[in-house]
>>> print(open('query-v2.txt').read())   # compact mmCIF, C-alpha atoms and all ligand atoms
# COMPACT_ATOMS: atom_id res chain seq x y z
CA MET A 1 -26.18 -14.75 17.13
CA LYS A 2 -25.39 -14.96 13.44
CA THR A 3 -27.44 -12.95 10.98
CA THR A 4 -29.52 -15.07 8.65
CA PHE A 5 -30.63 -13.40 5.48
CA PRO A 6 -34.15 -13.24 3.94
CA LEU A 7 -32.79 -14.64 0.67
CA ASN A 8 -36.05 -14.82 -1.23
CA ARG A 9 -36.54 -11.15 -0.72
CA PHE A 10 -32.94 -10.31 -1.53
CA ARG A 11 -33.23 -11.90 -4.96
CA ASN A 12 -35.41 -9.07 -6.27
CA LEU A 13 -33.37 -6.21 -4.91
CA LYS A 14 -30.97 -4.11 -6.91
CA THR A 15 -27.43 -4.79 -5.72
CA PRO A 16 -25.18 -3.81 -4.10
CA PHE A 17 -26.92 -2.76 -0.89
CA TYR A 18 -26.30 -2.63 2.83
CA TYR A 19 -28.44 -4.80 5.04
CA TYR A 20 -28.79 -4.27 8.80
CA ASP A 21 -30.08 -6.84 11.23
CA LEU A 22 -31.78 -4.65 13.82
CA ASP A 23 -32.40 -7.51 16.26
CA ARG A 24 -28.67 -8.15 16.33
CA LEU A 25 -28.05 -4.46 16.94
CA LYS A 26 -30.66 -4.23 19.70
CA LYS A 27 -29.13 -7.23 21.46
CA ILE A 28 -25.68 -5.63 21.50
CA LEU A 29 -27.04 -2.27 22.61
CA GLY A 30 -28.93 -3.96 25.44
CA THR A 31 -25.82 -5.81 26.57
CA VAL A 32 -23.65 -2.69 26.54
CA SER A 33 -26.28 -0.67 28.32
CA ARG A 34 -26.69 -3.30 31.02
CA ILE A 35 -22.98 -3.79 31.69
CA SER A 36 -21.91 -0.15 31.45
CA GLY A 37 -24.92 0.72 33.61
CA THR A 38 -23.79 -1.55 36.44
CA TYR A 39 -20.68 0.62 36.77
CA GLY A 40 -22.51 3.90 36.10
CA TYR A 41 -20.44 4.58 32.97
CA PRO A 42 -22.08 6.91 30.41
CA VAL A 43 -21.64 5.75 26.80
CA HIS A 44 -21.40 8.14 23.86
CA TYR A 45 -21.67 6.33 20.53
CA ALA A 46 -19.11 7.38 17.90
CA LEU A 47 -21.25 8.43 14.93
CA LYS A 48 -18.41 8.05 12.50
CA ALA A 49 -18.86 4.27 12.56
CA ASN A 50 -22.39 4.42 11.19
CA ALA A 51 -24.71 7.40 11.05
CA ASN A 52 -27.90 5.94 9.57
CA ASP A 53 -31.05 7.42 11.08
CA ARG A 54 -32.61 4.08 12.03
CA ILE A 55 -29.45 3.01 13.79
CA LEU A 56 -29.01 6.33 15.57
CA GLU A 57 -32.62 6.19 16.67
CA LEU A 58 -32.07 2.84 18.41
CA ILE A 59 -28.85 4.05 19.97
CA LYS A 60 -30.50 7.19 21.28
CA MET A 61 -33.45 5.19 22.63
CA GLN A 62 -30.97 3.04 24.52
CA GLY A 63 -29.90 6.17 26.38
CA PHE A 64 -26.49 6.65 24.79
CA GLY A 65 -25.02 10.03 23.92
CA ALA A 66 -23.18 10.99 20.73
CA ASP A 67 -19.46 11.34 20.07
CA CYS A 68 -19.03 13.59 17.03
CA VAL A 69 -15.97 14.60 15.04
CA SER A 70 -17.45 17.20 12.69
CA GLY A 71 -20.09 19.88 12.61
CA TYR A 72 -21.99 17.64 10.19
CA GLU A 73 -22.10 14.87 12.78
CA ILE A 74 -23.23 17.37 15.43
CA ARG A 75 -26.06 18.48 13.13
CA LYS A 76 -26.99 14.86 12.52
CA ALA A 77 -27.01 14.04 16.23
CA LEU A 78 -29.14 17.10 16.97
CA SER A 79 -31.59 16.30 14.18
CA CYS A 80 -31.90 12.73 15.50
CA GLY A 81 -32.88 14.16 18.87
CA PHE A 82 -29.76 13.51 20.96
CA SER A 83 -29.75 15.92 23.85
CA PRO A 84 -27.08 18.62 23.21
CA SER A 85 -25.58 17.97 26.63
CA ARG A 86 -24.94 14.35 25.58
CA ILE A 87 -23.05 15.42 22.43
CA PHE A 88 -19.26 15.51 22.75
CA PHE A 89 -17.09 16.99 20.01
CA ALA A 90 -13.62 15.62 19.30
CA GLY A 91 -11.31 16.10 16.32
CA VAL A 92 -7.90 17.53 15.66
CA GLY A 93 -9.10 20.19 13.22
CA LYS A 94 -12.29 21.94 14.22
CA ALA A 95 -13.31 24.72 11.80
CA ASP A 96 -14.64 28.02 13.20
CA TRP A 97 -18.20 27.27 12.04
CA GLU A 98 -18.05 23.90 13.79
CA ILE A 99 -16.90 25.44 17.06
CA ARG A 100 -19.61 28.09 16.78
CA LEU A 101 -22.24 25.41 16.13
CA GLY A 102 -21.07 23.50 19.19
CA LEU A 103 -21.19 26.62 21.36
CA GLU A 104 -24.55 27.81 20.08
CA SER A 105 -26.13 24.38 20.47
CA GLY A 106 -24.81 23.97 24.00
CA ILE A 107 -23.01 20.67 23.49
CA GLY A 108 -21.71 18.78 26.52
CA CYS A 109 -18.01 19.02 25.85
CA PHE A 110 -15.32 20.00 23.36
CA ASN A 111 -12.50 17.47 23.45
CA CYS A 112 -9.58 19.73 22.58
CA GLU A 113 -6.48 18.59 20.79
CA SER A 114 -4.14 21.59 20.65
CA ILE A 115 -3.20 24.78 22.47
CA GLN A 116 -4.36 26.90 19.55
CA GLU A 117 -7.72 25.17 19.57
CA LEU A 118 -8.14 26.05 23.26
CA GLN A 119 -7.29 29.69 22.53
CA VAL A 120 -9.73 29.88 19.64
CA ILE A 121 -12.56 28.23 21.58
CA ASN A 122 -11.97 30.63 24.48
CA GLU A 123 -12.08 33.65 22.13
CA MET A 124 -15.17 32.46 20.34
CA ALA A 125 -16.96 31.63 23.59
CA SER A 126 -16.09 35.08 24.91
CA SER A 127 -17.42 36.84 21.82
CA LEU A 128 -20.63 34.78 22.03
CA LYS A 129 -20.82 35.68 25.75
CA THR A 130 -20.88 32.08 26.80
CA ASN A 131 -18.63 29.48 28.38
CA ALA A 132 -17.17 26.41 26.71
CA PRO A 133 -17.02 23.08 28.54
CA ILE A 134 -13.74 21.50 27.51
CA SER A 135 -11.75 18.34 28.07
CA ILE A 136 -8.16 17.88 27.04
CA ARG A 137 -7.57 15.05 24.62
CA ILE A 138 -4.36 13.57 25.89
CA ASN A 139 -1.82 11.74 23.79
CA PRO A 140 -0.77 9.20 26.45
CA ASN A 141 1.88 7.53 24.30
CA VAL A 142 0.31 4.11 24.68
CA ASP A 143 0.58 1.80 21.67
CA ALA A 144 -2.79 0.28 20.74
CA LYS A 145 -1.10 -2.58 18.85
CA THR A 146 -3.45 -2.29 15.92
CA HIS A 147 -3.03 -1.30 12.25
CA HIS A 148 -0.83 1.83 12.07
CA TYR A 149 -3.52 3.78 10.18
CA ILE A 150 -5.87 3.45 13.14
CA THR A 151 -3.31 3.98 15.89
CA THR A 152 -3.88 7.37 17.49
CA GLY A 153 -2.23 7.42 20.90
CA ILE A 154 1.51 7.43 20.31
CA GLU A 155 3.62 10.58 20.28
CA GLU A 156 4.18 10.62 16.52
CA ASN A 157 0.39 10.73 15.87
CA LYS A 158 -1.35 14.03 15.19
CA PHE A 159 -3.97 13.32 17.85
CA GLY A 160 -4.14 14.62 21.39
CA ILE A 161 -1.78 16.85 23.33
CA ASN A 162 1.62 15.43 24.20
CA ALA A 163 3.17 15.53 27.68
CA TRP A 164 5.58 18.35 26.83
CA GLU A 165 2.66 20.77 26.38
CA TRP A 166 0.60 19.91 29.46
CA GLU A 167 2.10 22.63 31.66
CA GLU A 168 1.28 25.28 29.11
CA VAL A 169 -2.21 23.79 28.74
CA ALA A 170 -2.77 23.96 32.51
CA ARG A 171 -1.66 27.62 32.61
CA LEU A 172 -3.85 28.46 29.65
CA ILE A 173 -6.95 26.86 31.15
CA HIS A 174 -6.42 28.74 34.45
CA SER A 175 -6.09 32.04 32.62
CA SER A 176 -8.96 31.53 30.13
CA GLU A 177 -12.15 33.01 31.50
CA ASN A 178 -14.51 31.28 29.12
CA LEU A 179 -13.19 27.73 29.38
CA ILE A 180 -14.73 25.34 31.89
CA PHE A 181 -12.44 22.40 32.51
CA LYS A 182 -14.40 19.13 32.52
CA GLY A 183 -11.81 16.43 32.20
CA LEU A 184 -9.45 14.31 30.16
CA HIS A 185 -10.11 12.43 26.98
CA PHE A 186 -8.20 9.46 25.61
CA HIS A 187 -8.66 7.50 22.39
CA ILE A 188 -5.61 5.49 21.46
CA GLY A 189 -6.84 3.59 18.43
CA SER A 190 -9.42 1.33 16.92
CA GLN A 191 -9.94 -2.43 16.48
CA ILE A 192 -7.96 -3.11 19.67
CA THR A 193 -8.08 -6.79 20.47
CA SER A 194 -5.68 -7.05 23.41
CA MET A 195 -7.18 -6.27 26.81
CA ASP A 196 -3.64 -5.65 28.08
CA VAL A 197 -3.56 -2.52 25.95
CA PHE A 198 -6.54 -1.13 27.87
CA LYS A 199 -4.92 -2.10 31.15
CA GLY A 200 -1.81 -0.14 30.12
CA LEU A 201 -4.05 2.79 29.24
CA CYS A 202 -5.68 2.70 32.70
CA ASN A 203 -2.27 2.89 34.38
CA ARG A 204 -1.33 5.93 32.28
CA VAL A 205 -4.69 7.58 32.94
CA ASN A 206 -4.18 7.19 36.70
CA GLU A 207 -0.83 9.00 36.50
CA ILE A 208 -2.07 11.72 34.17
CA SER A 209 -5.23 12.38 36.16
CA GLU A 210 -3.10 12.81 39.27
CA TRP A 211 -0.81 15.21 37.43
CA PHE A 212 -3.75 17.43 36.46
CA ILE A 213 -5.18 17.32 39.99
CA ASN A 214 -1.79 18.56 41.24
CA GLN A 215 -2.14 21.46 38.80
CA LYS A 216 -5.46 22.30 40.48
CA LEU A 217 -7.46 21.04 37.52
CA PHE A 218 -9.83 18.33 38.65
CA PRO A 219 -10.93 16.00 35.83
CA GLU A 220 -14.54 15.11 36.60
CA ILE A 221 -14.72 13.19 33.34
CA LEU A 222 -12.22 10.53 32.36
CA ASP A 223 -13.24 9.66 28.81
CA MET A 224 -11.65 6.42 27.66
CA GLY A 225 -12.65 6.83 24.00
CA GLY A 226 -13.56 3.85 21.86
CA GLY A 227 -11.41 1.20 20.29
CA LEU A 228 -12.78 -2.13 21.43
CA GLY A 229 -12.29 -4.52 18.51
CA ILE A 230 -14.58 -7.20 17.13
CA ASP A 231 -13.83 -10.69 15.84
CA TYR A 232 -13.75 -10.48 12.03
CA SER A 233 -12.76 -14.10 11.52
CA ILE A 234 -14.79 -16.54 9.41
CA GLY A 235 -17.80 -17.97 11.19
CA SER A 236 -17.42 -15.56 14.10
CA SER A 237 -20.62 -14.32 15.61
CA ALA A 238 -19.80 -13.75 19.28
CA ASP A 239 -20.28 -10.27 20.70
CA PRO A 240 -17.16 -8.41 21.78
CA ASP A 241 -16.33 -9.27 25.38
CA PHE A 242 -18.00 -6.27 26.98
CA GLU A 243 -17.98 -7.88 30.45
CA THR A 244 -14.20 -8.13 30.54
CA TYR A 245 -13.78 -4.76 28.87
CA PHE A 246 -15.83 -2.68 31.32
CA SER A 247 -14.73 -4.64 34.37
CA LEU A 248 -11.11 -4.02 33.43
CA PHE A 249 -11.58 -0.25 33.68
CA HIS A 250 -13.47 -0.69 36.92
CA LYS A 251 -10.59 -2.70 38.31
CA HIS A 252 -7.63 -0.67 37.07
CA LEU A 253 -8.73 2.96 37.13
CA ARG A 254 -8.04 4.66 40.47
CA LEU A 255 -10.93 7.07 40.66
CA GLN A 256 -11.19 10.04 42.99
CA PRO A 257 -14.60 10.86 44.49
CA GLY A 258 -16.52 12.87 41.90
CA GLN A 259 -14.84 11.33 38.85
CA GLN A 260 -16.92 9.67 36.16
CA VAL A 261 -15.67 7.34 33.44
CA HIS A 262 -17.07 7.75 29.91
CA PHE A 263 -16.79 5.55 26.82
CA GLU A 264 -17.16 6.19 23.09
CA PRO A 265 -17.50 2.89 21.27
CA GLY A 266 -18.26 2.89 17.56
CA ARG A 267 -17.35 -0.35 15.84
CA ALA A 268 -18.14 -2.68 18.74
CA LEU A 269 -21.78 -1.56 18.74
CA VAL A 270 -22.60 -1.68 15.04
CA ALA A 271 -20.08 -3.71 13.03
CA GLN A 272 -21.68 -7.13 13.31
CA SER A 273 -25.20 -5.97 12.43
CA GLY A 274 -24.33 -4.85 8.92
CA SER A 275 -23.57 -6.76 5.73
CA LEU A 276 -22.79 -5.59 2.25
CA ILE A 277 -24.78 -7.68 -0.22
CA SER A 278 -23.66 -7.82 -3.80
CA ARG A 279 -24.00 -9.86 -7.01
CA VAL A 280 -21.33 -11.62 -8.98
CA LEU A 281 -21.01 -9.93 -12.34
CA PHE A 282 -18.45 -12.24 -13.89
CA VAL A 283 -16.11 -15.07 -13.03
CA LYS A 284 -12.75 -14.97 -14.76
CA LYS A 285 -9.73 -17.29 -14.75
CA GLY A 286 -6.70 -16.06 -12.83
CA ILE A 287 -3.22 -17.60 -12.40
CA LYS A 288 -3.86 -19.65 -9.29
CA THR A 289 -7.45 -18.81 -8.42
CA ASN A 290 -10.41 -17.47 -10.32
CA PHE A 291 -11.62 -13.93 -9.88
CA ALA A 292 -15.16 -13.42 -8.63
CA ILE A 293 -15.96 -9.92 -9.85
CA LEU A 294 -18.68 -8.28 -7.76
CA ASP A 295 -20.89 -5.29 -8.41
CA ALA A 296 -19.76 -3.86 -5.02
CA GLY A 297 -16.33 -2.32 -4.74
CA MET A 298 -14.02 -0.29 -2.55
CA THR A 299 -16.45 2.60 -3.06
CA GLU A 300 -18.92 0.76 -0.83
CA LEU A 301 -16.46 -0.83 1.60
CA ILE A 302 -12.94 0.55 1.63
CA ARG A 303 -11.63 -1.27 4.72
CA PRO A 304 -9.91 -4.16 2.88
CA ALA A 305 -8.21 -1.75 0.43
CA LEU A 306 -7.20 0.79 3.06
CA TYR A 307 -6.23 -1.32 6.07
CA GLN A 308 -5.82 -4.76 4.51
CA ALA A 309 -8.83 -5.60 6.66
CA PHE A 310 -10.38 -9.04 6.58
CA HIS A 311 -14.14 -9.50 6.32
CA PRO A 312 -15.88 -12.87 6.14
CA ILE A 313 -17.32 -13.40 2.65
CA GLU A 314 -20.01 -15.94 1.74
CA ASN A 315 -21.79 -17.05 -1.38
CA LEU A 316 -25.45 -17.04 -0.31
CA THR A 317 -26.96 -18.74 -3.33
CA SER A 318 -24.62 -21.57 -4.27
CA ASP A 319 -24.15 -24.90 -2.56
CA GLY A 320 -21.49 -26.07 -5.03
CA GLN A 321 -18.02 -27.41 -4.16
CA PRO A 322 -15.84 -24.94 -2.20
CA GLU A 323 -13.13 -23.29 -4.32
CA PRO A 324 -10.70 -20.39 -3.80
CA TYR A 325 -11.53 -17.05 -5.42
CA ASP A 326 -9.99 -13.62 -5.44
CA VAL A 327 -13.08 -11.57 -4.63
CA VAL A 328 -12.77 -8.19 -6.32
CA GLY A 329 -14.89 -5.15 -7.19
CA PRO A 330 -15.45 -3.28 -10.45
CA ILE A 331 -13.38 -0.19 -9.58
CA CYS A 332 -10.38 0.74 -11.68
CA GLU A 333 -7.81 0.11 -8.94
CA SER A 334 -5.91 -3.08 -8.17
CA SER A 335 -6.50 -2.41 -4.47
CA ASP A 336 -10.21 -2.94 -5.12
CA CYS A 337 -10.06 -6.43 -3.69
CA PHE A 338 -12.16 -7.77 -0.80
CA GLY A 339 -10.10 -10.89 -0.24
CA LYS A 340 -7.56 -13.16 -1.90
CA ALA A 341 -8.02 -16.92 -2.23
CA VAL A 342 -11.30 -16.75 -0.35
CA THR A 343 -13.04 -20.12 -0.14
CA LEU A 344 -16.53 -19.85 -1.61
CA ALA A 345 -19.02 -22.41 -2.81
CA GLU A 346 -18.61 -22.72 -6.60
CA THR A 347 -19.48 -19.25 -7.79
CA ARG A 348 -21.33 -18.21 -10.95
CA ARG A 349 -22.57 -15.03 -12.57
CA GLY A 350 -25.64 -13.78 -10.69
CA ASP A 351 -24.84 -15.38 -7.33
CA LEU A 352 -25.46 -13.25 -4.24
CA ILE A 353 -22.45 -12.59 -2.03
CA ALA A 354 -22.50 -11.32 1.56
CA ILE A 355 -19.58 -9.44 3.05
CA ARG A 356 -20.18 -9.64 6.75
CA HIS A 357 -19.37 -7.43 9.74
CA ALA A 358 -19.55 -4.35 7.52
CA GLY A 359 -21.81 -2.30 9.78
CA ALA A 360 -18.99 -0.08 11.05
CA TYR A 361 -16.95 2.18 8.76
CA GLY A 362 -18.65 0.69 5.69
CA GLU A 363 -21.38 3.06 4.56
CA THR A 364 -19.89 6.05 6.35
CA MET A 365 -16.62 5.68 4.43
CA SER A 366 -18.24 5.06 1.06
CA SER A 367 -17.31 7.33 -1.85
CA SER A 368 -18.49 8.28 -5.31
CA TYR A 369 -15.24 7.37 -7.05
CA ASN A 370 -15.89 6.41 -10.69
CA LEU A 371 -19.05 8.52 -10.25
CA ARG A 372 -20.77 5.66 -8.51
CA GLU A 373 -23.96 6.36 -6.63
CA LYS A 374 -24.62 5.75 -2.97
CA VAL A 375 -26.16 2.32 -2.52
CA GLN A 376 -29.51 1.47 -0.93
CA THR A 377 -29.83 0.54 2.72
CA TYR A 378 -32.33 -2.04 3.96
CA TYR A 379 -33.26 -3.04 7.50
CA SER A 380 -34.36 -6.44 8.69
CA ASP A 381 -37.81 -5.15 9.60
CA GLU A 382 -38.56 -3.39 6.34
CA ILE A 383 -37.31 -5.38 3.37
CA PRO A 384 -39.73 -4.63 0.53
CA GLU A 385 -41.45 -7.54 -1.24
CA ASN A 386 -40.67 -6.33 -4.74
CA VAL A 387 -38.45 -3.57 -6.00
N1 LIG B 1 -13.63 8.25 19.76
C1 LIG B 1 -12.78 8.88 18.92
C2 LIG B 1 -12.22 10.17 19.33
C3 LIG B 1 -12.43 8.29 17.70
O1 LIG B 1 -11.60 8.91 16.88
C4 LIG B 1 -12.99 7.04 17.35
C5 LIG B 1 -12.64 6.39 16.09
C6 LIG B 1 -13.89 6.43 18.25
C7 LIG B 1 -14.18 7.06 19.45
C8 LIG B 1 -14.55 5.11 17.97
O2 LIG B 1 -13.63 4.10 17.84
P1 LIG B 1 -14.10 2.57 17.67
O3 LIG B 1 -14.79 2.17 18.93
O4 LIG B 1 -15.00 2.49 16.49
O5 LIG B 1 -12.85 1.84 17.44
N2 LIG B 1 -12.05 3.62 9.72
C9 LIG B 1 -11.32 2.73 10.60
C10 LIG B 1 -11.54 3.09 12.06
C11 LIG B 1 -11.20 4.52 12.37
C12 LIG B 1 -11.55 4.92 13.78
C13 LIG B 1 -11.44 6.39 13.96
N3 LIG B 1 -11.78 6.86 15.26
C14 LIG B 1 -11.71 1.30 10.30
O6 LIG B 1 -12.51 1.06 9.41
O7 LIG B 1 -11.17 0.38 10.92
>>> encode(input="query-v2.txt", output="structure tokens", more="lines below")
Ligand code: LLP
Amino acid sequence: MKTTFPLNRFRNLKTPFYYYDLDRLKKILGTVSRISGTYGYPVHYALKANANDRILELIKMQGFGADCVSGYEIRKALSCGFSPSRIFFAGVGKADWEIRLGLESGIGCFNCESIQELQVINEMASSLKTNAPISIRINPNVDAKTHHYITTGIEENKFGINAWEWEEVARLIHSSENLIFKGLHFHIGSQITSMDVFKGLCNRVNEISEWFINQKLFPEILDMGGGLGIDYSIGSSADPDFETYFSLFHKHLRLQPGQQVHFEPGRALVAQSGSLISRVLFVKKGIKTNFAILDAGMTELIRPALYQAFHPIENLTSDGQPEPYDVVGPICESSDCFGKAVTLAETRRGDLIAIRHAGAYGETMSSSYNLREKVQTYYSDEIPENV
């Protein structure tokens, strides 16, 4: 299901802007809900991928919970009406006010990433005369085989608690009166495209879960995190392979009675519904290819600059001969480049360009560098006639 754009309406809109195809989003949400539901797996959507109200509303309506990594995301999830018990809070550096907010709002679980964090949460829960539901975010030392900036589950990463601290963690949980042990949390990276990686994770989770059970800590929740990648290649429109993904965990996890498997997808739910639409400001001659200089830049979509990420790019308004262009933004950085030698229909000043699959980690990672302003967001069911 490839998004088609209401071009006539786009022509009048100020660019750049984000455009979300809500039918596309609903289809994916329905698929994930159906498949995860057959296994009884609760899904908590990772807000960091996209936290627009309209999108969160649909996700909440689908019955998903919220995976948050800051107090701001917790506030957002609460204000969008997610039930506090369906809000999980991860993150390697939780500030005191964020922990307090989580405790006072009664969130479902703190996914804890260090011994000190456990101590602080226990102290704060005690002083608030409450108990804190906690899971241990484990660093399982499983390589996600993705870009190193979005690899989180190997020992050198700052995330999760490494094996050499688990004994101390187990002792601490037993001796902390205000901590309620819920389970184990794993998130080894993002944009993972090899199913073998997830199989390897399952094998590690089986061993680690057993280890904790032997320590008399029964993990009711085995949270597998997010990470399922999407196909960013040109012309791609297929959904991620959710069938294979969920069935793999069903097949390879050795669950004990009373254990429940949770997931926290971000990208796989929202990436393909969003596009960044921009106008060509100028076309300029380069050495081998021409530059197509857009009015959108790394301030709106930083993924290509930060992770050398590839996004399909299309000229929506030209049907000229295909030619290679370096597609760049207006920001004063050479890294402000969306793609080199991208084949576009002959491109002229004023043409509309779509950068596809930008629904995850696009808007949420946008910045005001060069004092640029946050761009408009439009949804497929509410594009105005004239702006
Ligand atoms: N759970 C936790 C604890 C996470 O840290 C993340 C993402 C997710 C779930 C969701 O992962 P996903 O399903 O979206 O892969 N900005 C990067 C991606 C960073 C992901 C950070 N953590 C990008 O644009 O590729």
>>> residues_around(input="query-v2.txt", residues="Thr299 (chain A)", least_positions_apart="5", cutoff="12 Å", atoms="only C-alpha atoms", output="PyMOL selection string")
chain A and resi 16-17+276+304-306+328-333+335-338+361-375
>>> residues_around(input="query-v2.txt", residues="Val169 (chain A)", least_positions_apart="6", cutoff="10 Å", atoms="only C-alpha atoms", output="ChimeraX atom specification")
/A:114-116,118-119,136,161,163,175
>>> atom_distance(input="query-v2.txt", atom1="CA of Gly266 (chain A)", atom2="CA of Val327 (chain A)")
27.0 Å
>>> closest_residue(input="query-v2.txt", among="A:Gly320, A:Pro140, A:Gly225, A:Pro219", to="ligand LIG 1 (chain B)", atoms="only C-alpha atoms and all ligand atoms")
A:Gly225
>>> atom_distance(input="query-v2.txt", atom1="CA of Arg100 (chain A)", atom2="CA of Leu78 (chain A)")
14.5 Å
>>> residues_around(input="query-v2.txt", residues="region 344-353 of chain A", least_positions_apart="3", cutoff="10 Å", atoms="all atoms listed in the file", output="count of residues only")
39
>>> closest_residue(input="query-v2.txt", among="A:Ile188, A:Ala268, A:Lys158, A:Asp67", to="Asn141 (chain A)", atoms="all atoms listed in the file")
A:Ile188
>>> atom_distance(input="query-v2.txt", atom1="CA of Ser33 (chain A)", atom2="CA of Gln256 (chain A)")
23.6 Å
>>> residues_around(input="query-v2.txt", residues="Lys48 (chain A)", least_positions_apart="3", cutoff="12 Å", atoms="only C-alpha atoms", output="count of residues only")
35
>>> closest_residue(input="query-v2.txt", among="A:Glu168, A:Glu177, A:Asp21, A:Asp223", to="ligand LIG 1 (chain B)", atoms="all atoms listed in the file")
A:Asp223
>>> axis_aligned_box(input="query-v2.txt", around="region 263-280 of chain A", padding_each_side="6 Å", output="AutoDock Vina command-line options")
--center_x -21.0 --center_y -2.7 --center_z 8.9 --size_x 20.4 --size_y 29.8 --size_z 47.8
>>> residues_around(input="query-v2.txt", residues="region 193-200 of chain A", least_positions_apart="3", cutoff="7 Å", atoms="all atoms listed in the file", output="PDB file with C-alpha atoms, in the coordinates of the input")
ATOM      1  CA  ALA A 144      -2.790   0.280  20.740  1.00  0.00           C
ATOM      2  CA  ASN A 203      -2.270   2.890  34.380  1.00  0.00           C
ATOM      3  CA  ARG A 204      -1.330   5.930  32.280  1.00  0.00           C
ATOM      4  CA  LEU A 228     -12.780  -2.130  21.430  1.00  0.00           C
ATOM      5  CA  GLY A 229     -12.290  -4.520  18.510  1.00  0.00           C
ATOM      6  CA  LEU A 248     -11.110  -4.020  33.430  1.00  0.00           C
ATOM      7  CA  HIS A 252      -7.630  -0.670  37.070  1.00  0.00           C
TER       8      HIS A 252
END
>>> closest_residue(input="query-v2.txt", among="A:Leu13, A:Leu103, A:Ile302, A:Ala125", to="ligand LIG 1 (chain B)", atoms="only C-alpha atoms and all ligand atoms")
A:Ile302
>>> build_atoms(input="query-v2.txt", residues="region 272-277 of chain A", atoms="all heavy atoms", output="mmCIF file, keeping the file's coordinate frame")
data_model
loop_
_atom_site.group_PDB
_atom_site.id
_atom_site.type_symbol
_atom_site.label_atom_id
_atom_site.label_comp_id
_atom_site.auth_asym_id
_atom_site.auth_seq_id
_atom_site.Cartn_x
_atom_site.Cartn_y
_atom_site.Cartn_z
ATOM 1 N N GLN A 272 -21.188 -5.786 13.640
ATOM 2 C CA GLN A 272 -21.680 -7.130 13.310
ATOM 3 C C GLN A 272 -23.120 -7.138 12.798
ATOM 4 O O GLN A 272 -23.570 -8.158 12.288
ATOM 5 C CB GLN A 272 -21.554 -8.017 14.546
ATOM 6 C CG GLN A 272 -20.100 -8.318 14.854
ATOM 7 C CD GLN A 272 -19.915 -8.627 16.324
ATOM 8 O OE1 GLN A 272 -20.347 -7.859 17.181
ATOM 9 N NE2 GLN A 272 -19.292 -9.736 16.623
ATOM 10 N N SER A 273 -23.802 -5.999 12.895
ATOM 11 C CA SER A 273 -25.200 -5.970 12.430
ATOM 12 C C SER A 273 -25.301 -5.709 10.937
ATOM 13 O O SER A 273 -26.383 -5.870 10.374
ATOM 14 C CB SER A 273 -25.982 -4.872 13.125
ATOM 15 O OG SER A 273 -25.683 -4.851 14.468
ATOM 16 N N GLY A 274 -24.232 -5.286 10.309
ATOM 17 C CA GLY A 274 -24.330 -4.850 8.920
ATOM 18 C C GLY A 274 -23.604 -5.775 7.956
ATOM 19 O O GLY A 274 -22.533 -6.298 8.266
ATOM 20 N N SER A 275 -24.223 -5.985 6.789
ATOM 21 C CA SER A 275 -23.570 -6.760 5.730
ATOM 22 C C SER A 275 -23.704 -6.001 4.431
ATOM 23 O O SER A 275 -24.721 -5.330 4.201
ATOM 24 C CB SER A 275 -24.236 -8.122 5.548
ATOM 25 O OG SER A 275 -24.200 -8.843 6.748
ATOM 26 N N LEU A 276 -22.710 -6.145 3.601
ATOM 27 C CA LEU A 276 -22.790 -5.590 2.250
ATOM 28 C C LEU A 276 -23.164 -6.756 1.333
ATOM 29 O O LEU A 276 -22.463 -7.771 1.303
ATOM 30 C CB LEU A 276 -21.436 -4.992 1.852
ATOM 31 C CG LEU A 276 -21.335 -4.462 0.427
ATOM 32 C CD1 LEU A 276 -22.344 -3.342 0.156
ATOM 33 C CD2 LEU A 276 -19.906 -3.933 0.160
ATOM 34 N N ILE A 277 -24.300 -6.601 0.647
ATOM 35 C CA ILE A 277 -24.780 -7.680 -0.220
ATOM 36 C C ILE A 277 -24.547 -7.272 -1.666
ATOM 37 O O ILE A 277 -24.884 -6.154 -2.067
ATOM 38 C CB ILE A 277 -26.294 -7.933 0.000
ATOM 39 C CG1 ILE A 277 -26.609 -8.119 1.489
ATOM 40 C CG2 ILE A 277 -26.763 -9.114 -0.847
ATOM 41 C CD1 ILE A 277 -26.028 -9.349 2.148
#
